[in-house]
Every structure is written in C-alpha cells, then in structure tokens.
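> Structure in structure tokens, see below.
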Amino acid sequence: MLSMFAGRGELMNAAFITAVILLICAVSSKVLYRFGIPILILFLTIGMLMGSEGPGGIYFDNAALAENICNLALLIIIFSGGFDTNWKAARPVALASGILATLGVFLTAAFVGIFTHFALGFTLLEGMLLGSIISSTDYASVFAILRSQQSDLKSNLAPMLEMESGSNDPAAYMFTVIFLGLLTGESQNIGLLLLTQIAVGTFFGVVVGKAAVWLINNINLDIDGLYPIMVIGMALLTYSGAGMLGGNGFLAGYITGIIMGNSRLVKKVSLVRYFDGLSWLMQILLFMTLGLLVFPSQLLSVVVAGVLVAIFLIFVARPLVVFLVLSVFKRPFNEQLLVSWVGFRGAASIVFATYPLTAGLPVAEQIFNIVFFVALVSVLLQGTLFIPIAKKLDLVEPEGTVFRTFTDYSGDIYAELLEVMIPEGSPLAGKAIMDLDIPPNVLIMMIKREGKIITCRGKTILREGDTLMMAGDHEVLLEIDAWARSPQDNSLTKPE
C-alpha cells in the first residue's frame, strides 16, 4: 500500500514539474520575443538545468532514445511547416527557395567541411558530416519572431525564407546519412541512395497527401476531435512508409503537409490551429530532450571550435551560398544581405547531431557539442538582430503581417483575406463586434488601430480609422467592405 502511494507521489511530482515547465515556456515567450529572442533558447536551458549537471539531476545519456524521440518531434514540426505553407504565396519564389534548400545545403556543408578540415583538424569526411548536420536553417524561429511582432517582409522574402527553411531539412538529412555511412564504412551507392530518397519520399508525400484530403473530406466523422488524430496518422504513415522503402520520410512528411494545407479541407481552421499548438509542444519536447542529453561542462572544451564554426557559418558560408544563388535571380543587394543573415540553426541541426552518437563515431561527442554550441550562438545573435537588421535594410513591410504567408485561414470557409477600413461616418463605427450583423462564415482576425494591433473580442468597440483584417469568402468580404464604406446603417444580408 505504501509503495502504491509512493508511486502516485512520484507521478504527482512529475506532473507538477511538467506543468510548471509548460507554463514557464508559454508565458515567457511574450517577453523573449519582444526582444527578438527565439524561445528555443529557454527550452534548451530548462533541459540543461534538469539534466545531470543541473539542479534537476536527471542523468540522461541515451543517444538512441533521444534520436527516436527527436525524429518523431521533428517529423511533426516539418509536417506542420508544410501544412502552414501557402503555396499561392510561395510559388513565385519556389525555384529560388528550392535551390537554396538543395544546392544551397550542399554548398554550405562543403564550405563548412573544408573549413573544419583545415582549421580544426577534422578529416575531410568528418568535416563534411559536421557541415551536413548544420547545413539546414530553422523554420520555427524565423516565423515565430515575425508572428510575435506582427511583422512581414517586403518582396516576397517571407515566403522565400519559409519555403527554404521548411524544405531544407530533408536535404540536410540526406547528406548527413550519406557522410555518416561513408565514415562508418557502410557500402552504399550514393547516386542510387539520393535517387531513392527523393523519388520514394516524393511519391509517398504526394500519394498520401492526396489520399488524406479525399478521406478527410468524405469520411464525415461524428466526433470532430478525431480529425486531428487522422491527420497525425497520415503524417506517421507517409514518414514510415517512405522510410521503410528507403525514401526520405521527412521529405514525404513535408510534401504531404503542403498538399493537405493547400487543399480544401473540412475542419481546416481547427486543424491548422491544433497543429500549431502540437508543433510547439513537439519543440518543447525536442529541445528539452536535447538539453538533457548535453553535458554543459563538455561545452567548455569546444568553445573555441564552436565560435570559429559559428563565425564562419554566419559571416562566410551562409552569405557566400545566398549571394551565389540569389544573384542568378537578380535579387537586390539588401535582400541578399537579409536572407544571408536569416540562416538560424536550430532543431534539425541538433537532432541530426545525435546520429553520430548513435553510430558510435569517435568524434561524435565533439561534433554534437560543436553543433549544440553553434545553434545557441546562431539563434542568440541572428535571432536577436533579425528585425533590427530587416528594418535597417528597409525590408519590413510597414502595413503587412506575416499571416498572409500561411494557410491558417485558407480553408473551405476562410478562403480569402481582406483589409477593411472603417472611414469617418461608417455604420460599423461605435459598434461592438458582437453586435455586427456579420455572417458566421466570416472571421475578424485582428484590428489595426493607430499603429497597434488590437485583439478581437466580442465586446471590442470599433472606431473610425480602424482597419479590420477579415477572412472569409471573397464575395462576402467585398460586401462587408462596401457596407463599411456606406454612409447609411444598412444591415448586411447573410449569404445562403
């Protein structure tokens, strides 16, 4: 009996600690993002504090378990990134983004590999492995900063960065696997491996994505809460199916996410919001697991190497790659500078750094600690200065928000976005949102008032000069816009 109560006590303690950690992560994001600091720094810090060398004292050195947990979490993050991608906005910059996400990843790996070979004494293959691991950029950090500050970038830079950072993880994964195989002596046909990874991953991504759209729209489940379960199942199916046949599971997951996110789906708005929250939960799990895995005392031994690699990556390799690629597309110099700067290293890089640990490479711990250190430096330095540099280069859209880059409100109901201005004498002025005769299939997302963003609530009183960001059917939005500009207080006829 006593042992039963003791077991329950341990469970309660674990639940309490988990609750405190989740609340701290959620609440502190408000403060951190105000200064442009990605919250993943907090997740990593909490993980290290809970680890063997921190106050938590949890000894954790199981690289294989960490790799499995983090692969699953990374899949959800990559799938969610594809689900959020607005293909209509990304299409004009898809070619440039695709080249950055493939050729750019290889060139980054090559530059870093050659540098670490000559500067740090790594063998060329070890250097290429390290370069491959840190060759992809972090999707979540960039857009969390833009979203939190209600900002957008000019010249379609936001869709370009979104698509690059969302799609370059599969390429980094492929190069990591290739060089890891070469170092472990695994016999492999590199050309066939690349072809299989891309072809099978793409095939599964397209087939499962199309099948998922048809199934979700036709199954008509009685319980709405089962729709997210179905989508999670589809994400796991495309990842595992592609992987079992030698394909790139992360590529398959990303493509499935894009197809589903840009198709008409029932319950789409709730699905997007669900996966937005699930993606954040996976990031917390991922970074805390990696924080537990790292031993802070070991980071001291790689400070010099980590600083050198971080400086080379941020100020040499990334700019060189970006200028080589974007010059072909004749992008202005200031745009190339910003894209060069926005090359944060984050989740995928640290996850891929666990692969050498699992494989038992002699340099595995050194590579893991260097990658961990580089990710910290990259996020702190580049993340903090991202918005100030974008403003200095005159690339922040003064009236825009990055929400237009995402598919959050592009489902069957919320098909279009429109800014509706409330002029002087408008029938909407002086009324609470809850009192407006607006159809239920129209959503007021936010209100711009005197340069500030106002959260929409039912009791919010609209004022002359307000700008409403609304989502809904195109024709209905035009009706509302005409109504707002009308001097007469005419009620809006709700569409059938």
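Residues in the structure tokens are numbered from 1 in each chain, the chains being A, B, ... in the order shown, and ligands are numbered from 1 in the order shown.
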Could you give me the residues within region 91-140 of chain A that DSSP places in helix (DSSP H, G or I), as a ChimeraX atom specification?
/A:91-120,124-133,139-140
> Got time to write the residues from that selection, C-alpha atoms, as a PDB file, in the first residue's frame?

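Final output, saved to out36.pdb:
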```pdb
ATOM      1  CA  ARG A  91       5.002  29.773 -55.887  1.00  0.00           C
ATOM      2  CA  PRO A  92       6.698  32.905 -57.306  1.00  0.00           C
ATOM      3  CA  VAL A  93       9.804  32.236 -55.189  1.00  0.00           C
ATOM      4  CA  ALA A  94       9.625  28.431 -55.204  1.00  0.00           C
ATOM      5  CA  LEU A  95      12.542  27.973 -57.622  1.00  0.00           C
ATOM      6  CA  ALA A  96      14.914  30.215 -55.659  1.00  0.00           C
ATOM      7  CA  SER A  97      13.818  28.621 -52.382  1.00  0.00           C
ATOM      8  CA  GLY A  98      14.201  25.131 -53.815  1.00  0.00           C
ATOM      9  CA  ILE A  99      17.753  25.811 -54.992  1.00  0.00           C
ATOM     10  CA  LEU A 100      18.675  27.289 -51.603  1.00  0.00           C
ATOM     11  CA  ALA A 101      17.157  24.220 -49.919  1.00  0.00           C
ATOM     12  CA  THR A 102      19.103  21.713 -52.034  1.00  0.00           C
ATOM     13  CA  LEU A 103      22.194  23.089 -53.776  1.00  0.00           C
ATOM     14  CA  GLY A 104      22.498  25.683 -51.007  1.00  0.00           C
ATOM     15  CA  VAL A 105      22.511  22.966 -48.355  1.00  0.00           C
ATOM     16  CA  PHE A 106      25.233  21.015 -50.181  1.00  0.00           C
ATOM     17  CA  LEU A 107      27.386  24.107 -50.707  1.00  0.00           C
ATOM     18  CA  THR A 108      27.013  25.072 -47.048  1.00  0.00           C
ATOM     19  CA  ALA A 109      28.062  21.572 -45.997  1.00  0.00           C
ATOM     20  CA  ALA A 110      31.026  21.674 -48.374  1.00  0.00           C
ATOM     21  CA  PHE A 111      32.248  25.100 -47.226  1.00  0.00           C
ATOM     22  CA  VAL A 112      31.939  24.194 -43.534  1.00  0.00           C
ATOM     23  CA  GLY A 113      33.510  20.785 -44.157  1.00  0.00           C
ATOM     24  CA  ILE A 114      36.561  22.259 -45.866  1.00  0.00           C
ATOM     25  CA  PHE A 115      36.909  24.940 -43.172  1.00  0.00           C
ATOM     26  CA  THR A 116      36.741  22.475 -40.266  1.00  0.00           C
ATOM     27  CA  HIS A 117      39.205  20.173 -42.053  1.00  0.00           C
ATOM     28  CA  PHE A 118      41.871  22.866 -42.297  1.00  0.00           C
ATOM     29  CA  ALA A 119      41.023  24.973 -39.214  1.00  0.00           C
ATOM     30  CA  LEU A 120      40.088  22.301 -36.659  1.00  0.00           C
ATOM     31  CA  LEU A 124      37.553  15.828 -44.713  1.00  0.00           C
ATOM     32  CA  LEU A 125      34.735  13.275 -44.258  1.00  0.00           C
ATOM     33  CA  GLU A 126      34.267  14.277 -40.602  1.00  0.00           C
ATOM     34  CA  GLY A 127      34.165  17.919 -41.649  1.00  0.00           C
ATOM     35  CA  MET A 128      31.594  17.162 -44.351  1.00  0.00           C
ATOM     36  CA  LEU A 129      29.482  15.306 -41.792  1.00  0.00           C
ATOM     37  CA  LEU A 130      29.607  18.289 -39.441  1.00  0.00           C
ATOM     38  CA  GLY A 131      28.797  20.630 -42.325  1.00  0.00           C
ATOM     39  CA  SER A 132      25.845  18.477 -43.421  1.00  0.00           C
ATOM     40  CA  ILE A 133      24.434  18.395 -39.902  1.00  0.00           C
ATOM     41  CA  TYR A 139      11.824  27.245 -39.722  1.00  0.00           C
ATOM     42  CA  ALA A 140      10.165  27.832 -36.369  1.00  0.00           C
TER      43      ALA A 140
END
```
> Find the residues around Leu395 (chain A) up to 7 Å (only C-alpha atoms counted), leave out those fewer than 3 positions away in its own chain, and share them as a list in words.
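Once the nearby chain positions are removed, what remains is Leu153, Lys154, Ala390 and Lys391 of chain A.
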> Emit the selected residues as a PDB file, in the first residue's frame, including C-alpha atoms.

```pdb
ATOM      1  CA  LEU A 153       8.951  41.301 -45.080  1.00  0.00           C
ATOM      2  CA  LYS A 154       8.849  43.036 -48.438  1.00  0.00           C
ATOM      3  CA  ALA A 390      15.475  43.981 -41.569  1.00  0.00           C
ATOM      4  CA  LYS A 391      14.350  47.494 -40.597  1.00  0.00           C
TER       5      LYS A 391
END
```
> Write out as a ChimeraX atom specification which residues come within 6 Å of region 306-311 of chain A when counting only C-alpha atoms, dropping same-chain ones fewer than 2 positions away.
/A:302-304,313-315,370,373-374
> Please save N, CA and C atoms of the selected residues as a tab-separated table (two decimals), in the first residue's frame.

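Result file out_28.tsv:
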```tsv
chain	number	residue	atom	x	y	z
A	302	VAL	N	34.74	22.89	-26.29
A	302	VAL	CA	34.53	23.19	-27.71
A	302	VAL	C	34.22	24.66	-27.95
A	303	VAL	N	34.45	25.50	-26.94
A	303	VAL	CA	34.13	26.93	-27.08
A	303	VAL	C	34.86	27.53	-28.27
A	304	VAL	N	36.16	27.32	-28.35
A	304	VAL	CA	36.94	27.90	-29.44
A	304	VAL	C	36.47	27.36	-30.79
A	313	LEU	N	30.24	30.12	-40.37
A	313	LEU	CA	28.92	29.80	-40.93
A	313	LEU	C	28.08	31.05	-41.14
A	314	ILE	N	28.05	31.94	-40.13
A	314	ILE	CA	27.19	33.13	-40.18
A	314	ILE	C	27.72	34.17	-41.15
A	315	PHE	N	29.03	34.40	-41.13
A	315	PHE	CA	29.59	35.53	-41.87
A	315	PHE	C	30.29	35.15	-43.18
A	370	ILE	N	29.81	20.76	-30.64
A	370	ILE	CA	30.04	21.90	-31.53
A	370	ILE	C	28.74	22.37	-32.16
A	373	PHE	N	26.60	24.14	-29.61
A	373	PHE	CA	27.14	25.48	-29.33
A	373	PHE	C	26.84	26.43	-30.50
A	374	VAL	N	27.03	25.95	-31.73
A	374	VAL	CA	26.77	26.79	-32.90
A	374	VAL	C	25.30	27.20	-32.95
```
> What's around region 190-206 of chain A at 6 Å? Count only C-alpha atoms, leave out sequence neighbours fewer than 5 positions away in its own chain, and write the answer as a VMD selection string.
chain A and resid 238 242 247 to 249 251 to 252 255 to 256
> Output the selection as an mmCIF file, in the first residue's frame - N, CA and C atoms for each residue.

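Saved as out.cif:
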```cif
data_model
loop_
_atom_site.group_PDB
_atom_site.id
_atom_site.type_symbol
_atom_site.label_atom_id
_atom_site.label_comp_id
_atom_site.auth_asym_id
_atom_site.auth_seq_id
_atom_site.Cartn_x
_atom_site.Cartn_y
_atom_site.Cartn_z
ATOM 1 N N THR A 238 3.006 8.485 -43.946
ATOM 2 C CA THR A 238 3.862 8.911 -45.057
ATOM 3 C C THR A 238 5.333 8.849 -44.665
ATOM 4 N N ALA A 242 7.573 5.818 -46.458
ATOM 5 C CA ALA A 242 8.713 6.221 -47.280
ATOM 6 C C ALA A 242 10.011 5.666 -46.706
ATOM 7 N N GLY A 247 13.068 5.643 -48.746
ATOM 8 C CA GLY A 247 12.832 7.037 -49.112
ATOM 9 C C GLY A 247 13.094 7.984 -47.960
ATOM 10 N N ASN A 248 13.009 9.265 -48.246
ATOM 11 C CA ASN A 248 13.212 10.307 -47.245
ATOM 12 C C ASN A 248 11.886 10.598 -46.553
ATOM 13 N N GLY A 249 11.740 10.111 -45.319
ATOM 14 C CA GLY A 249 10.486 10.283 -44.593
ATOM 15 C C GLY A 249 10.173 11.727 -44.282
ATOM 16 N N LEU A 251 11.022 14.349 -46.136
ATOM 17 C CA LEU A 251 10.554 14.942 -47.395
ATOM 18 C C LEU A 251 9.108 14.550 -47.650
ATOM 19 N N ALA A 252 8.786 13.271 -47.425
ATOM 20 C CA ALA A 252 7.407 12.811 -47.615
ATOM 21 C C ALA A 252 6.452 13.550 -46.691
ATOM 22 N N ILE A 255 5.921 17.200 -47.970
ATOM 23 C CA ILE A 255 5.078 17.272 -49.164
ATOM 24 C C ILE A 255 3.624 16.969 -48.822
ATOM 25 N N THR A 256 3.404 15.956 -47.981
ATOM 26 C CA THR A 256 2.037 15.655 -47.539
ATOM 27 C C THR A 256 1.426 16.860 -46.842
#
```
> Determine, counting only C-alpha atoms, which protein, DNA and RNA residues have an atom within 8 Å of an atom of Gly425 (chain A); residues of the same chain fewer than 2 positions away are not included. Present the result as an mmCIF file with C-alpha atoms, in the first residue's frame.

```cif
data_model
loop_
_atom_site.group_PDB
_atom_site.id
_atom_site.type_symbol
_atom_site.label_atom_id
_atom_site.label_comp_id
_atom_site.auth_asym_id
_atom_site.auth_seq_id
_atom_site.Cartn_x
_atom_site.Cartn_y
_atom_site.Cartn_z
ATOM 1 C CA PRO A 423 -13.879 55.513 -42.591
ATOM 2 C CA PRO A 427 -22.083 52.314 -39.921
ATOM 3 C CA ALA A 429 -18.014 52.736 -36.098
ATOM 4 C CA GLU A 464 -13.347 55.346 -37.147
ATOM 5 C CA PRO A 487 -22.831 56.265 -45.015
#
```
> Would you list the contacts of Phe275 (chain A) as an mmCIF file with C-alpha atoms, in the first residue's frame, taking every protein, DNA or RNA residue within 9 Å and counting only C-alpha atoms, but skipping same-chain residues closer than 5 positions in sequence?

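Listed below is the output, result_24.cif:
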```
data_model
loop_
_atom_site.group_PDB
_atom_site.id
_atom_site.type_symbol
_atom_site.label_atom_id
_atom_site.label_comp_id
_atom_site.auth_asym_id
_atom_site.auth_seq_id
_atom_site.Cartn_x
_atom_site.Cartn_y
_atom_site.Cartn_z
ATOM 1 C CA ILE A 76 5.549 16.788 -36.642
ATOM 2 C CA ILE A 77 7.381 20.130 -36.875
ATOM 3 C CA PHE A 79 4.742 18.345 -41.397
ATOM 4 C CA SER A 80 3.224 21.346 -39.616
ATOM 5 C CA PHE A 83 0.706 22.389 -43.589
ATOM 6 C CA PRO A 228 -6.560 15.692 -35.844
ATOM 7 C CA SER A 270 -9.259 23.985 -36.284
ATOM 8 C CA TRP A 280 5.126 23.978 -30.227
#
```
> Enter the distance from CA of Val420 (chain A) to CA of Ile438 (chain A), in Å, rounded to one decimal.
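Separating CA of Val420 (chain A) from CA of Ile438 (chain A) is a distance of 13.1 Å.
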> Tell me, as number ranges by chain, which residues lie within 10 Å of Trp341 (chain A), counting only C-alpha atoms; anything in the same chain fewer than 4 positions away does not count.
A: 314-315, 318-319, 322, 335-337, 378, 381-383, 385-386, 389-390
> Pick the closest to Lys268 (chain A) from A:Tyr227, A:Phe323, A:Trp483, A:Phe295: which is it, counting only C-alpha atoms?
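Closest candidate: A:Tyr227.
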> Using only C-alpha atoms for the distances, tell me which of A:Val269, A:Ile46, A:Ala90, A:Ala348 is nearest to Asn71 (chain A).
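For Asn71 (chain A), the nearest of the given residues is A:Ala348.
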> Determine the nearest neighbour of Val272 (chain A) from the options A:Leu226, A:Val231, A:Ala171, A:Ala66, counting only C-alpha atoms.
A:Val231
> Interatomic distance between CA of Thr85 (chain A) and CA of Asn262 (chain A)?
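CA of Thr85 (chain A) sits 7.6 Å away from CA of Asn262 (chain A).
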> Measuring between only C-alpha atoms, which one of A:Ile447, A:Leu326, A:Ile216, A:Val266 shows the shortest distance to Thr460 (chain A)?
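Smallest distance to Thr460 (chain A) is found for A:Ile447.
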